[in-house]
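Next up, query.csv (CSV, C-alpha atoms):
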chain,number,residue,atom,x,y,z
J,13,MET,CA,-66.6,-151.8,-302.9
J,14,SER,CA,-64.9,-155.2,-302.7
J,15,ARG,CA,-61.5,-153.6,-303.3
J,16,ALA,CA,-62.0,-150.6,-301.0
J,17,LEU,CA,-62.7,-152.7,-297.9
J,18,PRO,CA,-59.3,-154.5,-297.7
J,19,LYS,CA,-57.5,-151.2,-298.2
J,20,TYR,CA,-59.5,-149.6,-295.4
J,21,ASN,CA,-58.8,-152.6,-293.0
J,22,LYS,CA,-55.1,-152.4,-293.9
J,23,ARG,CA,-55.0,-148.8,-292.9
J,24,ARG,CA,-56.7,-149.5,-289.6
J,25,VAL,CA,-54.2,-152.2,-288.8
J,26,GLY,CA,-51.4,-149.8,-289.6
J,27,LEU,CA,-52.8,-147.2,-287.2
J,28,ALA,CA,-53.2,-149.8,-284.5
J,29,GLY,CA,-49.7,-151.0,-284.9
J,30,GLY,CA,-48.4,-147.4,-284.7
J,31,ALA,CA,-50.4,-146.8,-281.5
J,32,ALA,CA,-48.9,-150.0,-280.0
J,33,ALA,CA,-45.4,-148.9,-281.0
J,34,VAL,CA,-46.0,-145.5,-279.3
J,35,ALA,CA,-47.3,-147.2,-276.1
J,36,LEU,CA,-44.3,-149.6,-276.1
J,37,THR,CA,-41.9,-146.7,-276.6
J,38,GLY,CA,-43.5,-144.9,-273.7
J,39,ALA,CA,-43.1,-147.9,-271.5
J,40,VAL,CA,-39.4,-148.1,-272.3
J,41,ILE,CA,-38.9,-144.5,-271.5
J,42,ALA,CA,-40.8,-144.8,-268.3
J,43,GLY,CA,-38.8,-147.9,-267.4
J,44,THR,CA,-35.5,-146.0,-268.1
J,45,ALA,CA,-36.6,-143.1,-265.9
J,46,LEU,CA,-37.4,-145.4,-263.0
J,47,ALA,CA,-34.3,-147.6,-263.3
J,48,GLY,CA,-31.6,-147.0,-260.7
J,49,GLU,CA,-28.6,-148.3,-258.8
J,50,SER,CA,-27.9,-148.1,-255.1
J,51,SER,CA,-24.6,-148.4,-253.3
J,52,ASP,CA,-24.3,-148.8,-249.5
J,53,GLY,CA,-21.2,-146.9,-248.6
J,54,GLY,CA,-19.6,-147.6,-251.9
J,55,ALA,CA,-17.4,-145.2,-253.8
J,56,ASP,CA,-20.2,-144.5,-256.2
J,57,ALA,CA,-23.4,-144.1,-254.1
J,58,ARG,CA,-25.8,-143.1,-256.8
J,59,THR,CA,-29.4,-143.0,-258.1
J,60,LEU,CA,-30.0,-143.0,-261.8
J,61,ALA,CA,-32.4,-140.4,-263.1
J,62,GLY,CA,-32.8,-138.2,-266.1
J,63,PRO,CA,-31.0,-135.1,-264.7
J,64,GLY,CA,-27.8,-137.1,-264.0
J,65,THR,CA,-26.2,-139.0,-261.2
J,66,ILE,CA,-24.4,-137.6,-258.1
J,67,SER,CA,-21.2,-139.6,-257.3
J,68,CYS,CA,-19.2,-139.1,-254.1
J,69,PRO,CA,-15.9,-140.6,-252.9
J,70,ASP,CA,-16.2,-143.5,-250.4
J,71,VAL,CA,-15.3,-142.5,-246.9
J,72,ALA,CA,-15.5,-145.8,-245.1
J,73,SER,CA,-12.7,-147.4,-247.1
J,74,GLN,CA,-10.4,-144.5,-246.2
J,75,LEU,CA,-10.7,-144.7,-242.4
J,76,PRO,CA,-8.1,-146.2,-240.2
J,77,ALA,CA,-9.0,-148.9,-237.6
J,78,VAL,CA,-12.0,-147.5,-235.6
J,79,PRO,CA,-11.8,-147.9,-231.8
J,80,ALA,CA,-14.6,-149.8,-230.3
J,81,SER,CA,-15.6,-146.7,-228.3
J,82,ALA,CA,-16.1,-144.8,-231.5
J,83,GLN,CA,-17.7,-147.5,-233.6
J,84,ALA,CA,-21.4,-146.6,-233.0
J,85,GLU,CA,-20.8,-142.9,-233.8
J,86,VAL,CA,-18.8,-143.6,-236.9
J,87,THR,CA,-21.3,-146.1,-238.2
J,88,ARG,CA,-24.1,-143.6,-237.6
J,89,ASN,CA,-22.3,-140.9,-239.5
J,90,LEU,CA,-21.3,-143.2,-242.4
J,91,ALA,CA,-25.0,-144.0,-242.8
J,92,LEU,CA,-25.7,-140.3,-242.7
J,93,LEU,CA,-23.3,-139.8,-245.6
J,94,ASP,CA,-25.4,-142.3,-247.7
J,95,GLN,CA,-28.6,-140.6,-246.7
J,96,GLN,CA,-27.2,-137.2,-247.8
J,97,ILE,CA,-26.4,-138.6,-251.2
J,98,ALA,CA,-29.8,-140.1,-251.6
J,99,GLU,CA,-31.5,-136.9,-250.6
J,100,ALA,CA,-29.3,-134.9,-253.0
J,101,ASN,CA,-30.2,-137.2,-255.8
J,102,LYS,CA,-33.9,-136.9,-255.0
J,103,ARG,CA,-33.6,-133.1,-255.0
J,104,LEU,CA,-31.8,-133.3,-258.3
J,105,VAL,CA,-34.8,-135.1,-259.8
J,106,ASP,CA,-37.4,-132.9,-258.1
J,107,THR,CA,-35.9,-129.6,-259.2
J,108,VAL,CA,-35.3,-130.2,-262.9
J,109,GLY,CA,-35.6,-127.0,-264.7
J,110,GLN,CA,-35.5,-124.7,-261.7
J,111,GLY,CA,-33.2,-121.8,-261.1
J,112,GLY,CA,-30.4,-120.5,-263.3
J,113,PRO,CA,-27.4,-122.1,-264.9
J,114,ASN,CA,-25.7,-122.6,-261.6
J,115,PHE,CA,-28.7,-123.9,-259.7
J,116,VAL,CA,-27.4,-127.5,-259.3
J,117,GLN,CA,-24.0,-126.3,-258.0
J,118,ASN,CA,-25.4,-123.8,-255.6
J,119,ALA,CA,-28.5,-125.6,-254.4
J,120,ILE,CA,-27.4,-129.3,-254.5
J,121,LEU,CA,-23.7,-130.0,-255.0
J,122,GLY,CA,-22.4,-127.2,-252.8
J,123,PRO,CA,-24.8,-127.9,-249.9
J,124,LEU,CA,-24.0,-131.6,-250.2
J,125,GLU,CA,-20.3,-131.0,-249.9
J,126,ASP,CA,-20.8,-128.8,-246.8
J,127,LYS,CA,-22.9,-131.5,-245.1
J,128,ARG,CA,-20.3,-134.1,-245.9
J,129,ILE,CA,-17.5,-131.9,-244.5
J,130,ALA,CA,-19.4,-131.6,-241.2
J,131,THR,CA,-20.1,-135.3,-241.1
J,132,VAL,CA,-16.6,-136.5,-241.8
J,133,ASN,CA,-15.3,-134.0,-239.2
J,134,ARG,CA,-17.6,-135.7,-236.7
J,135,ILE,CA,-16.2,-139.1,-237.8
J,136,ALA,CA,-12.6,-137.8,-237.4
J,137,THR,CA,-13.4,-136.3,-234.0
J,138,ALA,CA,-15.0,-139.6,-232.7
J,139,ILE,CA,-11.9,-141.6,-233.7
J,140,GLY,CA,-9.6,-138.9,-232.4
J,141,ARG,CA,-10.9,-139.2,-228.9
J,142,THR,CA,-9.1,-142.5,-228.3
J,143,ALA,CA,-6.8,-142.9,-231.3
J,144,ASP,CA,-4.9,-140.7,-233.8
J,145,ARG,CA,-7.4,-138.4,-235.5
J,146,PRO,CA,-7.5,-139.2,-239.2
J,147,ALA,CA,-6.4,-136.4,-241.4
J,148,GLY,CA,-7.5,-135.3,-244.9
J,149,LEU,CA,-11.1,-136.6,-244.7
J,150,ASP,CA,-12.3,-133.2,-246.0
J,151,SER,CA,-10.8,-134.1,-249.3
J,152,LEU,CA,-13.5,-136.8,-249.7
J,153,ALA,CA,-16.3,-134.3,-249.3
J,154,ALA,CA,-16.7,-133.0,-252.9
J,155,CYS,CA,-19.2,-134.8,-255.1
J,156,SER,CA,-19.7,-134.6,-258.9
J,157,LEU,CA,-22.6,-134.8,-261.3
J,158,ASP,CA,-22.4,-137.4,-264.0
J,159,ALA,CA,-24.7,-136.0,-266.7
J,160,GLN,CA,-27.0,-138.4,-268.5
J,161,GLY,CA,-27.3,-136.3,-271.6
J,162,ASP,CA,-30.4,-134.5,-270.4
J,163,PRO,CA,-30.4,-130.9,-271.6
J,164,ALA,CA,-33.0,-130.0,-269.0
J,165,ALA,CA,-30.6,-130.5,-266.1
J,166,PRO,CA,-29.3,-127.1,-265.2
J,167,GLY,CA,-25.7,-126.4,-264.1
J,168,GLN,CA,-24.2,-129.6,-265.4
J,169,GLU,CA,-21.5,-127.6,-267.2
J,170,GLU,CA,-20.4,-126.3,-263.8
J,171,THR,CA,-19.4,-129.7,-262.5
J,172,GLY,CA,-16.6,-131.9,-263.5
J,173,GLY,CA,-14.3,-134.6,-262.2
J,174,ALA,CA,-14.0,-134.8,-258.4
J,175,GLY,CA,-14.0,-131.0,-258.0
J,176,THR,CA,-16.7,-128.5,-257.6
J,177,ALA,CA,-17.0,-124.8,-258.2
J,178,ALA,CA,-16.8,-121.8,-255.9
J,179,PRO,CA,-19.0,-122.6,-252.9
J,180,PRO,CA,-16.9,-125.6,-251.6
J,181,ALA,CA,-13.7,-123.7,-251.8
J,182,GLU,CA,-15.0,-121.4,-249.1
J,183,ASP,CA,-14.6,-124.1,-246.6
J,184,ALA,CA,-11.5,-125.8,-248.0
J,185,GLY,CA,-9.2,-122.8,-247.6
J,186,GLY,CA,-8.3,-120.2,-245.0
J,187,ASP,CA,-9.1,-117.1,-247.0
J,188,THR,CA,-9.5,-114.1,-244.8
J,189,GLY,CA,-12.5,-111.9,-244.9
J,190,ALA,CA,-13.3,-109.1,-242.5
J,191,GLY,CA,-11.3,-110.9,-239.8
J,192,GLY,CA,-11.4,-110.7,-236.1
J,193,GLY,CA,-14.7,-112.5,-235.3
J,194,ASP,CA,-18.1,-113.3,-236.6
J,195,ALA,CA,-20.3,-110.2,-236.3
J,196,GLY,CA,-23.8,-111.4,-235.7
J,197,ALA,CA,-26.3,-108.7,-236.4
J,198,GLY,CA,-26.7,-108.3,-240.1
J,199,GLN,CA,-23.2,-108.2,-241.4
J,200,GLY,CA,-22.9,-107.6,-245.1
J,201,GLY,CA,-26.5,-106.5,-245.7
J,202,ASP,CA,-27.6,-104.5,-248.7
J,203,ALA,CA,-30.2,-102.0,-249.7
J,204,SER,CA,-31.7,-104.0,-252.5
J,205,GLY,CA,-34.7,-105.2,-250.5
J,206,ALA,CA,-33.5,-108.8,-250.5
J,207,GLY,CA,-32.9,-108.7,-246.7
J,208,THR,CA,-29.9,-109.3,-244.5
J,209,ILE,CA,-28.5,-112.5,-243.1
J,210,SER,CA,-27.7,-112.4,-239.4
J,211,CYS,CA,-25.7,-115.1,-237.6
J,212,PRO,CA,-24.8,-115.6,-233.9
J,213,ASP,CA,-21.3,-114.4,-232.9
J,214,VAL,CA,-18.9,-117.2,-232.4
J,215,ALA,CA,-15.8,-115.3,-231.2
J,216,SER,CA,-17.5,-114.1,-228.0
J,217,GLN,CA,-18.5,-117.6,-227.1
J,218,LEU,CA,-15.0,-119.1,-227.2
J,219,PRO,CA,-12.9,-120.0,-224.1
J,220,ALA,CA,-9.3,-118.8,-223.8
J,221,VAL,CA,-7.6,-119.8,-227.0
J,222,PRO,CA,-4.2,-121.5,-226.6
J,223,ALA,CA,-1.3,-119.8,-228.4
J,224,SER,CA,-0.7,-122.9,-230.5
J,225,ALA,CA,-4.3,-122.7,-231.8
J,226,GLN,CA,-4.5,-118.9,-232.2
J,227,ALA,CA,-3.6,-118.7,-235.9
J,228,GLU,CA,-6.0,-121.4,-236.9
J,229,VAL,CA,-8.8,-120.0,-234.8
J,230,THR,CA,-8.3,-116.5,-236.2
J,231,ARG,CA,-8.3,-117.9,-239.8
J,232,ASN,CA,-11.6,-119.7,-239.2
J,233,LEU,CA,-13.2,-116.8,-237.5
J,234,ALA,CA,-12.4,-114.7,-240.6
J,235,LEU,CA,-13.8,-117.5,-242.8
J,236,LEU,CA,-17.1,-117.2,-240.9
J,237,ASP,CA,-17.2,-113.6,-241.7
J,238,GLN,CA,-16.5,-114.4,-245.4
J,239,GLN,CA,-19.2,-117.0,-245.5
J,240,ILE,CA,-21.8,-114.4,-244.3
J,241,ALA,CA,-20.6,-111.8,-246.8
J,242,GLU,CA,-20.9,-114.3,-249.6
J,243,ALA,CA,-24.3,-115.5,-248.5
J,244,ASN,CA,-25.5,-111.9,-248.4
J,245,LYS,CA,-24.2,-111.4,-251.9
J,246,ARG,CA,-25.9,-114.5,-253.2
J,247,LEU,CA,-29.1,-113.3,-251.5
J,248,VAL,CA,-28.9,-110.2,-253.7
J,249,ASP,CA,-27.8,-111.9,-256.9
J,250,THR,CA,-30.7,-114.5,-256.7
J,251,VAL,CA,-33.6,-112.3,-255.9
J,252,GLY,CA,-36.7,-113.7,-257.5
J,253,GLN,CA,-35.2,-117.1,-258.3
J,254,GLY,CA,-36.6,-120.5,-257.2
J,255,GLY,CA,-39.7,-121.2,-255.2
J,256,PRO,CA,-40.9,-120.2,-251.7
J,257,ASN,CA,-38.1,-122.2,-250.0
J,258,PHE,CA,-35.3,-121.1,-252.3
J,259,VAL,CA,-33.5,-118.9,-249.7
J,260,GLN,CA,-33.7,-121.6,-247.1
J,261,ASN,CA,-32.5,-124.4,-249.4
J,262,ALA,CA,-30.0,-122.6,-251.5
J,263,ILE,CA,-28.6,-120.0,-249.1
J,264,LEU,CA,-29.4,-120.3,-245.4
J,265,GLY,CA,-29.1,-124.1,-245.3
J,266,PRO,CA,-25.8,-124.3,-247.1
J,267,LEU,CA,-24.5,-121.4,-244.9
J,268,GLU,CA,-25.4,-123.3,-241.7
J,269,ASP,CA,-23.5,-126.4,-243.0
J,270,LYS,CA,-20.4,-124.3,-243.8
J,271,ARG,CA,-20.6,-122.8,-240.3
J,272,ILE,CA,-20.9,-126.2,-238.7
J,273,ALA,CA,-17.7,-127.3,-240.5
J,274,THR,CA,-15.9,-124.2,-239.6
J,275,VAL,CA,-16.8,-124.1,-235.9
J,276,ASN,CA,-15.8,-127.8,-235.7
J,277,ARG,CA,-12.4,-126.8,-237.0
J,278,ILE,CA,-12.2,-124.1,-234.3
J,279,ALA,CA,-13.2,-126.6,-231.6
J,280,THR,CA,-10.7,-129.1,-232.8
J,281,ALA,CA,-7.9,-126.6,-232.9
J,282,ILE,CA,-8.5,-125.5,-229.3
J,283,GLY,CA,-9.0,-129.1,-228.2
J,284,ARG,CA,-5.5,-130.2,-229.3
J,285,THR,CA,-4.0,-128.5,-226.3
J,286,ALA,CA,-6.9,-127.5,-224.1
J,287,GLU,CA,-10.4,-128.6,-223.3
J,288,ARG,CA,-12.5,-128.8,-226.5
J,289,PRO,CA,-15.3,-126.2,-226.4
J,290,ALA,CA,-18.7,-127.9,-226.6
J,291,GLY,CA,-21.9,-126.6,-228.2
J,292,LEU,CA,-20.5,-124.4,-230.9
J,293,ASP,CA,-22.7,-126.1,-233.4
J,294,SER,CA,-25.7,-124.3,-231.8
J,295,LEU,CA,-24.3,-121.0,-233.2
J,296,ALA,CA,-24.3,-122.2,-236.8
J,297,ALA,CA,-27.9,-121.4,-237.8
J,298,CYS,CA,-28.5,-118.0,-239.3
J,299,THR,CA,-31.7,-116.0,-240.0
J,300,LEU,CA,-33.0,-113.7,-242.7
J,301,THR,CA,-34.1,-110.3,-241.6
J,302,LYS,CA,-36.2,-108.4,-244.1

When written as structure tokens, how does the structure in this file appear?
Amino acid sequence: MSRALPKYNKRRVGLAGGAAAVALTGAVIAGTALAGESSDGGADARTLAGPGTISCPDVASQLPAVPASAQAEVTRNLALLDQQIAEANKRLVDTVGQGGPNFVQNAILGPLEDKRIATVNRIATAIGRTADRPAGLDSLAACSLDAQGDPAAPGQEETGGAGTAAPPAEDAGGDTGAGGGDAGAGQGGDASGAGTISCPDVASQLPAVPASAQAEVTRNLALLDQQIAEANKRLVDTVGQGGPNFVQNAILGPLEDKRIATVNRIATAIGRTAERPAGLDSLAACTLTK
């Protein structure tokens, strides 16, 4: 009995030490998950989290001198760019494990780029009212996902460098779709039961288009048609994916952001030689009809 007791105590100490080690390890893991970096307007606005980090090019450093009359609007939109990155990083953490292999690209990086395109266009427009409009800000819209080695983060293989996959290219180019206007009532619908996306018609709401702007306006009207067709295809391809807000977050929301960027380009093209049409943004939102 005198020899068994020390052996028993030694085993208890070993168990207690193991429990303490597990608790310490858990604390380290939790601390790592909660650690983060923030950057106000920097080239690497980011939040560290297990699924990875979203990094976006800095816009503020690429702007020319901002006229005093545009300063407030530019500052407000630069702050909005930071907010968009923060919200995208939060969504990245909140949606770990959701959707298919392209979920991060389709539901987070793509929509973020579209929002940034619309925002930098507003910045360029504000400056352009009283000075030369800065060109090429759209090239700063694409963000990338820096993976943290978390295999649970879907879609990381789809991101790389400063570029992104298919959805951003829809706004960057002038690819033509059906052409000749943006048919509103259910263009591109299908019979799969997924529903049909309907968007307000933009072409019918435009003023007379100057000859110098006709080609650019026509190209962007065709792009609006293409965006609707691609959104309807995505609607069919993703039936049953995600939660109750999947269609709004991954399809309708991104589509609206693309349309805002596109109608802003139309307004800018017209505004170079005639009065810039106002209120086209109100035509950007689309609806799902079952």

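Among the candidates J:Thr301, J:Thr280, J:Gln239, J:Thr65, the residue lying nearest to J:Val116 is J:Thr65 (atoms considered: all atoms listed in the file).
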
Exercise. Pick from J:Ser216, J:Thr299, J:Ser151, J:Gln110: nearest to J:Gly252, with all atoms listed in the file counted?
Worked result: J:Gln110

Problem set entry | Computed interatomic separation between atom CA of J:Arg284 and atom CA of J:Pro266 (Å) | 27.6 Å

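Atom CA of J:Pro146 is found 14.8 Å from atom CA of J:Glu85.
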
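Computed from the coordinates, the atom CA of J:Ala154 to atom CA of J:Glu125 distance equals 5.1 Å.
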
Seminar exercise, completed: Min atom-atom distance to J:Ser224 from the set J:Ala262, J:Leu124, J:Ala286, J:Leu247, counting only C-alpha atoms, belongs to J:Ala286

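Every protein or nucleic acid residue with an atom no more than 12 Å from J:Leu90, counting all atoms listed in the file and leaving out same-chain residues fewer than 6 positions away, appears here: Asp52, Gly53, Gly54, Ala57, Asp70, Val71, Ala72, Ser73, Gln74, Leu75, Gln83, Ala84, Gln96, Ile97, Arg128, Ala130, Thr131, Val132, Asn133, Arg134, Ile135 and Ala136 of chain J.
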
For this session: With all atoms listed in the file counted, which protein, DNA or RNA residues have an atom no more than 10 Å from (-24.9, -115.1, -246.7) in the file frame? Please answer as a PyMOL selection string.
Result: chain J and resi 198-201+208-211+236-248+259+263-264+266-268+298-300

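Nearest residue to J:Asp94, choosing from J:Gly112, J:Pro69, J:Gly122, J:Gly291 and counting all atoms listed in the file: J:Pro69.
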
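Of the residues under consideration (J:Leu157, J:Val78, J:Ala215, J:Ile282), J:Ala215 shows the shortest atom-to-atom contact distance to J:Leu295 when counting all atoms listed in the file.
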
For this session: Fewer than 3 positions away in the same chain doesn't count, so skip those; otherwise give me all residues within 9 Å of J:Lys270, counting all atoms listed in the file, as a list in words.
Result: Pro123, Asp126, Lys127, Ile129, Ala130, Pro180, Glu182, Asp183, Leu236, Gln239, Gly265, Pro266, Leu267, Ala273, Thr274, Val275 and Ala296 of chain J

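Using all atoms listed in the file, the shortest contact distance between J:Pro212 and any of J:Arg231, J:Arg277, J:Lys102, J:Arg271 is found at J:Arg271.
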